[in-house]
>>> print(open('target-v2.txt').read())   # compact mmCIF, C-alpha atoms
# COMPACT_ATOMS: atom_id res chain seq x y z
CA MET A 346 6.48 -66.65 98.75
CA ARG A 347 6.48 -63.76 100.97
CA THR A 348 3.44 -61.67 101.39
CA ARG A 349 2.25 -59.55 104.08
CA PRO A 350 -4.67 -49.72 117.68
CA SER A 351 -1.80 -50.73 121.04
CA PHE A 352 -0.57 -51.75 124.43
CA LEU A 353 2.94 -52.47 123.19
CA PRO A 354 5.22 -49.46 122.90
CA VAL A 355 6.86 -48.75 119.61
CA LEU A 356 9.82 -50.96 118.74
CA ALA A 357 13.08 -49.14 119.17
CA VAL A 358 16.03 -50.56 117.32
CA ALA A 359 19.35 -48.82 117.66
CA GLY A 360 21.39 -48.26 114.57
CA LEU A 361 23.60 -50.85 113.07
CA LEU A 362 27.29 -50.88 113.84
CA LEU A 363 29.68 -52.99 111.88
CA THR A 364 31.88 -55.75 113.18
CA ALA A 365 35.06 -57.34 112.03
CA CYS A 366 38.20 -55.32 112.66
CA GLY A 367 37.21 -52.29 114.68
CA THR A 368 37.08 -48.68 113.55
CA GLU A 369 37.54 -47.53 110.00
CA HIS A 370 41.10 -47.13 108.79
CA THR A 371 43.16 -47.61 105.64
CA GLY A 372 46.23 -49.34 106.99
CA THR A 373 47.08 -53.03 106.85
CA GLY A 374 46.29 -55.90 109.22
CA SER A 375 48.78 -58.03 111.07
CA ALA A 376 49.25 -60.29 108.03
CA GLY A 377 49.85 -57.34 105.70
CA ALA A 378 46.35 -57.42 104.18
CA PRO A 379 44.40 -54.16 103.91
CA ALA A 380 42.03 -53.67 106.83
CA PRO A 381 38.27 -53.45 106.18
CA ALA A 382 36.80 -50.06 105.37
CA SER A 383 33.32 -48.65 105.82
CA GLY A 384 30.79 -48.43 103.02
CA ALA A 385 28.31 -45.66 102.39
CA VAL A 386 25.36 -45.26 104.73
CA ASP A 387 22.12 -43.91 103.34
CA ASP A 388 19.54 -46.23 104.87
CA ALA A 389 16.39 -44.41 105.94
CA GLY A 390 15.51 -47.25 108.28
CA LYS A 391 12.43 -49.43 108.70
CA ASP A 392 10.22 -50.13 111.69
CA GLY A 393 12.65 -48.42 114.03
CA ALA A 394 15.80 -50.13 112.73
CA ARG A 395 18.42 -48.18 110.81
CA ILE A 396 21.88 -49.01 109.54
CA THR A 397 24.42 -46.43 110.63
CA SER A 398 27.66 -47.93 109.28
CA LEU A 399 28.85 -50.68 106.95
CA THR A 400 32.27 -52.34 106.90
CA LEU A 401 33.41 -54.21 103.80
CA PRO A 402 36.62 -56.18 103.02
CA TRP A 403 39.17 -55.14 100.46
CA ARG A 404 39.09 -56.90 97.12
CA SER A 405 41.85 -59.42 96.58
CA PRO A 406 42.59 -60.50 93.93
CA ALA A 407 41.27 -57.94 91.43
CA PRO A 408 39.35 -59.13 88.31
CA ASP A 409 42.47 -58.82 86.13
CA GLY A 410 44.41 -61.08 88.49
CA SER A 411 46.41 -58.31 90.10
CA ALA A 412 46.31 -57.64 93.82
CA SER A 413 44.06 -54.89 95.05
CA SER A 414 45.59 -51.84 96.61
CA PRO A 415 44.16 -48.77 98.36
CA ALA A 416 44.60 -46.85 95.12
CA ALA A 417 42.77 -49.49 93.07
CA ASP A 418 39.97 -50.01 95.56
CA PRO A 419 40.04 -47.10 98.02
CA ALA A 420 36.60 -47.71 99.47
CA GLY A 421 37.07 -51.42 99.99
CA THR A 422 33.57 -51.95 98.65
CA SER A 423 34.02 -54.87 96.28
CA GLY A 424 32.15 -57.27 98.54
CA LEU A 425 34.42 -60.14 97.47
CA PRO A 426 36.31 -62.52 99.73
CA LEU A 427 39.84 -61.54 100.69
CA ASP A 428 41.61 -64.48 99.06
CA ASP A 429 39.32 -67.32 98.02
CA PRO A 430 35.98 -66.80 96.18
CA THR A 431 34.63 -69.97 97.80
CA LYS A 432 34.95 -68.47 101.28
CA ASP A 433 32.61 -66.22 103.17
CA SER A 434 32.66 -62.68 101.82
CA GLY A 435 33.45 -61.24 105.24
CA ILE A 436 30.68 -58.63 105.01
CA VAL A 437 28.98 -58.43 108.42
CA ALA A 438 26.36 -56.00 109.70
CA THR A 439 25.96 -55.79 113.47
CA PHE A 440 22.89 -54.18 115.02
CA ALA A 441 21.45 -53.40 118.43
CA VAL A 442 17.83 -53.92 119.44
CA THR A 443 16.33 -52.09 122.42
CA ASN A 444 13.12 -53.44 123.90
CA THR A 445 11.03 -50.53 125.16
CA SER A 446 7.99 -52.67 125.93
CA THR A 447 6.94 -54.12 129.28
CA ARG A 448 7.36 -57.75 128.24
CA SER A 449 10.18 -59.92 126.92
CA LEU A 450 10.17 -60.11 123.13
CA THR A 451 11.90 -62.12 120.42
CA TYR A 452 12.99 -60.03 117.41
CA SER A 453 13.88 -60.97 113.85
CA VAL A 454 15.77 -58.39 111.78
CA ALA A 455 16.23 -58.90 108.04
CA VAL A 456 19.06 -57.06 106.26
CA THR A 457 19.55 -56.69 102.50
CA PHE A 458 23.03 -55.98 101.09
CA MET A 459 22.88 -53.86 97.93
CA SER A 460 25.01 -52.78 94.99
CA GLY A 461 25.49 -49.19 93.92
CA ASP A 462 22.50 -49.31 91.55
CA GLY A 463 20.20 -50.54 94.33
CA GLY A 464 20.12 -54.20 93.31
CA ALA A 465 19.85 -56.77 96.09
CA MET A 466 23.03 -58.88 96.15
CA ALA A 467 22.56 -60.84 99.38
CA GLY A 468 20.55 -60.87 102.56
CA GLY A 469 19.99 -62.60 105.84
CA THR A 470 17.95 -62.56 109.02
CA ALA A 471 19.10 -62.60 112.63
CA THR A 472 16.84 -63.63 115.51
CA LEU A 473 17.39 -62.19 118.98
CA ARG A 474 15.55 -64.20 121.63
CA ASP A 475 14.21 -63.25 125.04
CA VAL A 476 15.11 -59.56 124.98
CA GLY A 477 13.90 -58.31 128.35
CA PRO A 478 12.05 -55.03 128.93
CA GLY A 479 14.44 -52.08 128.72
CA LYS A 480 17.30 -54.27 127.52
CA THR A 481 19.58 -53.64 124.53
CA VAL A 482 21.00 -56.68 122.72
CA ASN A 483 23.39 -56.88 119.77
CA GLY A 484 23.04 -59.16 116.75
CA SER A 485 24.64 -59.50 113.32
CA VAL A 486 23.85 -60.51 109.75
CA ARG A 487 26.47 -61.84 107.32
CA ALA A 488 26.31 -61.51 103.54
CA GLY A 489 27.85 -64.99 103.27
CA HIS A 490 29.42 -66.46 100.13
CA LEU A 491 29.33 -64.24 97.03
CA PRO A 492 30.42 -65.40 93.54
CA PRO A 493 33.36 -63.46 92.02
CA SER A 494 30.99 -61.93 89.44
CA THR A 495 28.88 -60.27 92.15
CA PRO A 496 28.66 -56.49 91.65
CA ARG A 497 30.23 -54.43 94.39
CA ILE A 498 28.18 -54.13 97.53
CA THR A 499 28.16 -50.52 98.70
CA ARG A 500 25.29 -50.32 101.18
CA ALA A 501 22.73 -52.26 103.15
CA LYS A 502 19.24 -51.68 104.44
CA VAL A 503 16.90 -53.14 107.05
CA SER A 504 14.16 -54.77 105.01
CA ARG A 505 11.94 -56.17 107.79
CA VAL A 506 11.63 -56.26 111.58
CA THR A 507 9.25 -58.55 113.45
CA LYS A 508 8.66 -59.01 117.17
CA VAL A 509 6.68 -61.63 119.07
CA PRO A 510 6.22 -62.36 122.78
CA ALA A 511 9.27 -64.36 123.86
CA GLY A 512 7.16 -67.12 125.39
CA GLU A 513 5.22 -67.55 122.13
CA ALA A 514 8.11 -67.47 119.65
CA PRO A 515 8.68 -70.48 117.38
CA ALA A 516 11.46 -72.71 118.62
CA ALA A 517 14.97 -72.14 117.31
CA PRO A 518 16.01 -74.46 114.44
CA GLY A 519 16.93 -77.82 115.87
CA ALA A 520 15.50 -77.03 119.31
CA CYS A 521 12.54 -78.79 120.90
CA PRO A 522 10.24 -76.90 123.31
CA ALA A 523 9.43 -78.36 126.72
CA SER A 524 6.01 -79.32 125.32
CA GLY A 525 7.68 -81.65 122.84
CA ILE A 526 5.74 -80.00 120.02
CA ARG A 527 7.25 -77.57 117.54
CA VAL A 528 4.94 -75.27 115.50
CA SER A 529 6.23 -73.18 112.59
CA SER A 530 5.22 -71.67 109.24
CA ASP A 531 7.00 -71.87 105.90
CA GLU A 532 7.67 -69.33 103.14
CA GLY A 533 4.61 -70.51 101.23
CA ASP A 534 3.71 -70.13 97.57
CA ALA A 535 1.84 -67.67 95.39
CA ALA A 536 0.24 -67.75 91.95
CA MET A 537 -2.21 -65.34 90.29
CA GLY A 538 -3.03 -63.65 93.57
CA LEU A 539 -3.58 -66.92 95.45
CA ARG A 540 -1.49 -67.33 98.62
CA ILE A 541 -0.78 -70.57 100.49
CA VAL A 542 1.40 -70.79 103.60
CA GLY A 543 2.03 -74.08 105.35
CA LEU A 544 1.71 -74.57 109.12
CA HIS A 545 3.92 -77.36 110.42
CA LEU A 546 3.48 -79.39 113.61
CA ASP A 547 6.46 -81.58 114.57
CA ASN A 548 6.47 -84.07 117.41
CA CYS A 549 10.03 -83.60 118.64
CA GLY A 550 9.26 -85.05 122.07
CA THR A 551 9.23 -88.57 123.47
CA ARG A 552 5.48 -89.26 123.61
CA ASP A 553 2.70 -89.62 121.05
CA TYR A 554 0.77 -86.42 120.31
CA THR A 555 -2.76 -86.32 118.90
CA VAL A 556 -4.55 -83.54 117.04
CA GLU A 557 -7.95 -83.56 115.37
CA GLY A 558 -9.54 -80.96 113.15
CA TYR A 559 -8.19 -77.49 112.53
CA PRO A 560 -5.47 -75.38 114.17
CA LEU A 561 -6.91 -72.51 116.20
CA LEU A 562 -5.96 -69.08 114.88
CA GLU A 563 -5.92 -65.51 116.17
CA LEU A 564 -4.97 -62.77 113.73
CA LEU A 565 -2.73 -60.00 115.14
CA ASP A 566 -1.68 -56.58 113.89
CA GLY A 567 1.77 -54.98 114.11
CA ASP A 568 1.21 -54.16 117.79
CA LEU A 569 0.15 -57.76 118.51
CA LYS A 570 -3.47 -56.74 119.02
CA ALA A 571 -6.38 -58.78 117.60
CA VAL A 572 -7.52 -57.98 114.07
CA ASP A 573 -11.31 -57.85 113.69
CA GLY A 574 -13.48 -58.20 110.61
CA ILE A 575 -11.79 -61.25 109.05
CA THR A 576 -13.76 -64.49 108.65
CA ILE A 577 -11.70 -67.64 109.18
CA LEU A 578 -13.14 -70.38 106.98
CA ARG A 579 -12.68 -74.08 107.68
CA GLY A 580 -11.21 -75.40 104.48
CA SER A 581 -10.16 -73.57 101.31
CA GLY A 582 -13.11 -74.33 99.03
CA GLY A 583 -14.73 -70.99 99.75
CA ILE A 584 -11.62 -69.23 98.46
CA THR A 585 -10.26 -71.41 95.65
CA THR A 586 -10.24 -74.86 94.13
CA GLY A 587 -6.54 -74.45 93.36
CA ALA A 588 -5.32 -75.50 96.82
CA GLY A 589 -6.44 -79.10 96.47
CA PRO A 590 -9.58 -80.75 97.82
CA ASP A 591 -10.74 -80.05 101.35
CA GLU A 592 -10.07 -83.25 103.27
CA ARG A 593 -12.37 -84.37 106.04
CA PRO A 594 -10.94 -83.53 109.47
CA ARG A 595 -9.62 -86.66 111.12
CA ARG A 596 -7.78 -87.77 114.20
CA VAL A 597 -4.00 -87.72 113.66
CA THR A 598 -1.67 -89.31 116.19
CA LEU A 599 1.98 -88.41 115.74
CA LYS A 600 4.67 -90.66 117.10
CA PRO A 601 7.98 -89.03 118.10
CA GLY A 602 9.66 -87.76 114.94
CA GLU A 603 6.43 -87.55 112.92
CA SER A 604 4.78 -84.36 111.65
CA ALA A 605 1.44 -82.92 110.57
CA ILE A 606 0.70 -80.05 108.22
CA SER A 607 -2.07 -77.52 107.73
CA SER A 608 -2.29 -74.54 105.36
CA LEU A 609 -3.43 -70.93 105.40
CA VAL A 610 -5.11 -70.02 102.09
CA TRP A 611 -6.21 -66.58 100.90
CA ARG A 612 -6.38 -64.18 97.98
CA ASN A 613 -4.93 -60.69 98.00
CA THR A 614 -7.72 -59.24 95.83
CA THR A 615 -8.29 -55.53 96.41
CA GLU A 616 -11.61 -53.96 95.45
CA ALA A 617 -13.77 -51.45 97.34
CA GLY A 618 -12.68 -50.82 100.89
CA THR A 619 -9.43 -50.69 102.83
CA PRO A 620 -6.93 -53.52 102.30
CA VAL A 621 -6.06 -55.51 105.43
CA ASN A 622 -2.57 -56.77 106.19
CA VAL A 623 -2.01 -59.19 109.08
CA PRO A 624 1.68 -59.62 109.97
CA TYR A 625 1.20 -62.12 112.80
CA VAL A 626 -0.92 -65.20 113.49
CA ARG A 627 -1.20 -66.80 116.93
CA VAL A 628 -1.53 -70.57 116.41
CA ARG A 629 -2.66 -73.29 118.81
CA ALA A 630 -2.33 -76.87 117.56
CA LYS A 631 -5.47 -77.71 119.59
CA THR A 632 -7.53 -76.12 122.36
CA GLU A 633 -5.26 -77.01 125.28
CA ALA A 634 -1.99 -76.40 123.41
CA GLY A 635 0.26 -73.44 124.15
CA PRO A 636 0.23 -70.58 121.61
CA VAL A 637 2.93 -69.92 119.03
CA VAL A 638 3.06 -66.65 117.06
CA VAL A 639 4.20 -67.04 113.44
CA THR A 640 4.83 -64.26 110.92
CA PRO A 641 3.29 -65.16 107.53
CA ASP A 642 2.48 -61.50 106.71
CA LEU A 643 -1.01 -62.05 105.29
CA ASP A 644 -1.95 -59.52 102.59
CA LEU A 645 -5.67 -60.20 102.65
CA GLY A 646 -6.63 -57.28 100.41
CA THR A 647 -10.32 -56.49 100.82
CA THR A 648 -11.49 -60.10 100.74
CA GLY A 649 -12.15 -60.33 104.49
CA GLN A 650 -11.48 -64.08 104.42
CA LEU A 651 -8.79 -66.57 105.37
CA GLY A 652 -9.08 -70.31 104.85
CA VAL A 653 -7.41 -72.91 107.07
CA LYS A 654 -7.05 -76.58 106.21
CA PRO A 655 -7.27 -79.36 108.82
CA TRP A 656 -4.21 -81.09 110.22
CA THR A 657 -3.12 -84.03 108.07
CA ARG A 658 -0.19 -86.36 108.47
CA ALA A 659 2.89 -85.07 106.65
CA LYS A 660 4.73 -87.47 104.38
CA PRO A 661 8.29 -88.28 105.44
CA ALA A 662 10.96 -86.39 103.50
CA GLY A 663 11.53 -88.07 100.14
CA ALA A 664 8.36 -90.16 100.34
CA GLY A 665 6.15 -90.51 97.29
CA ALA A 666 2.48 -91.20 97.10
CA GLY A 667 1.21 -93.26 99.97
CA ARG A 668 -0.28 -92.71 103.38
CA PRO A 669 -1.80 -89.19 103.65
>>> encode(input="target-v2.txt", output="structure tokens")
Amino acid sequence: MRTRPSFLPVLAVAGLLLTACGTEHTGTGSAGAPAPASGAVDDAGKDGARITSLTLPWRSPAPDGSASSPAADPAGTSGLPLDDPTKDSGIVATFAVTNTSTRSLTYSVAVTFMSGDGGAMAGGTATLRDVGPGKTVNGSVRAGHLPPSTPRITRAKVSRVTKVPAGEAPAAPGACPASGIRVSSDEGDAAMGLRIVGLHLDNCGTRDYTVEGYPLLELLDGDLKAVDGITILRGSGGITTGAGPDERPRRVTLKPGESAISSLVWRNTTEAGTPVNVPYVRVRAKTEAGPVVVTPDLDLGTTGQLGVKPWTRAKPAGAGAGRP
């Protein structure tokens, strides 16, 4: 599931360039294969990020088994691998992010690769960490493996840009913060207007870590300023009975390698009033813990409420019923 005034200046993201083999041309590479060409650019941009060019590989082989040629595929926009359909497609979008704020930020830029009729064929997200004030940093997104039946990719667009203070960004996959505690959110789930996003607390350090009760939350808008007017409920019973029973808060001690889980629960019902969207949530595992800003993109509608469940011990991967 994905759902979703300012002392930070507006995010400025320079346009996307394309990597791979340099500038656009229609000759052949050193091995005799046609060089990549550029696809069409018509992206209007989003949140300050805009694609300015797109390079795509030539199609080889063609669907009928024959080799592609400039005449058969002049735009080089098939989006298929050069030789082997099991390999990476070779489609790569490279972008530049410029931090115009006064603090270091961590950015995530999501790119969607599209066919000529506007259908989404592939996508990916790149995270650029610790971009200092006034700095410009490059990143890239690959389309990855595409089945031979994939329609031709002809363009790409920036679908989402998020930014969080660098010191409060979730740890990179596989990394463990100096605190020994890793906090993150998942993609969540949705059904009939009910939204549930998991908060995960992993003890990746070398000492036991204890939590008791509920994670502490601060709701933030797109400029990372506090959102007022939302009531944070302890438990989900005031919102729904479909998120399971509200367990009694208890003391949970995590040994190294163990995890705990909580959940954010809300409905996106819209009635009278102005709908509220909260892109960011600052999370503290407990009072003295350092903050981590996650990006669950809460579409709270006009409900004015968000439920949070207490920390409970997470079951080990693959475990069945047993210890909670």
>>> atom_distance(input="target-v2.txt", atom1="CA of Arg629 (chain A)", atom2="CA of Tyr559 (chain A)")
9.4 Å
>>> closest_residue(input="target-v2.txt", among="A:Val610, A:Val486, A:Leu565, A:Ile498", to="Thr585 (chain A)", atoms="all atoms listed in the file")
A:Val610
>>> atom_distance(input="target-v2.txt", atom1="CA of Leu544 (chain A)", atom2="CA of Thr598 (chain A)")
16.7 Å
>>> residues_near_point(input="target-v2.txt", point="(24.1, -57.7, 120.4)", cutoff="7 Å", atoms="all atoms listed in the file", output="list of chain:residue names")
A:Phe440, A:Ala441, A:Val482, A:Asn483, A:Gly484
>>> closest_residue(input="target-v2.txt", among="A:Lys600, A:Lys432, A:Arg593, A:Arg497", to="Ser581 (chain A)", atoms="only C-alpha atoms")
A:Arg593
>>> closest_residue(input="target-v2.txt", among="A:Leu401, A:Leu651, A:Ile396, A:Ile606", to="Arg579 (chain A)", atoms="only C-alpha atoms")
A:Leu651
>>> atom_distance(input="target-v2.txt", atom1="CA of Pro402 (chain A)", atom2="CA of Asp433 (chain A)")
10.8 Å
>>> closest_residue(input="target-v2.txt", among="A:Thr499, A:Ser434, A:Thr555, A:Ser453", to="Ala517 (chain A)", atoms="only C-alpha atoms")
A:Ser453
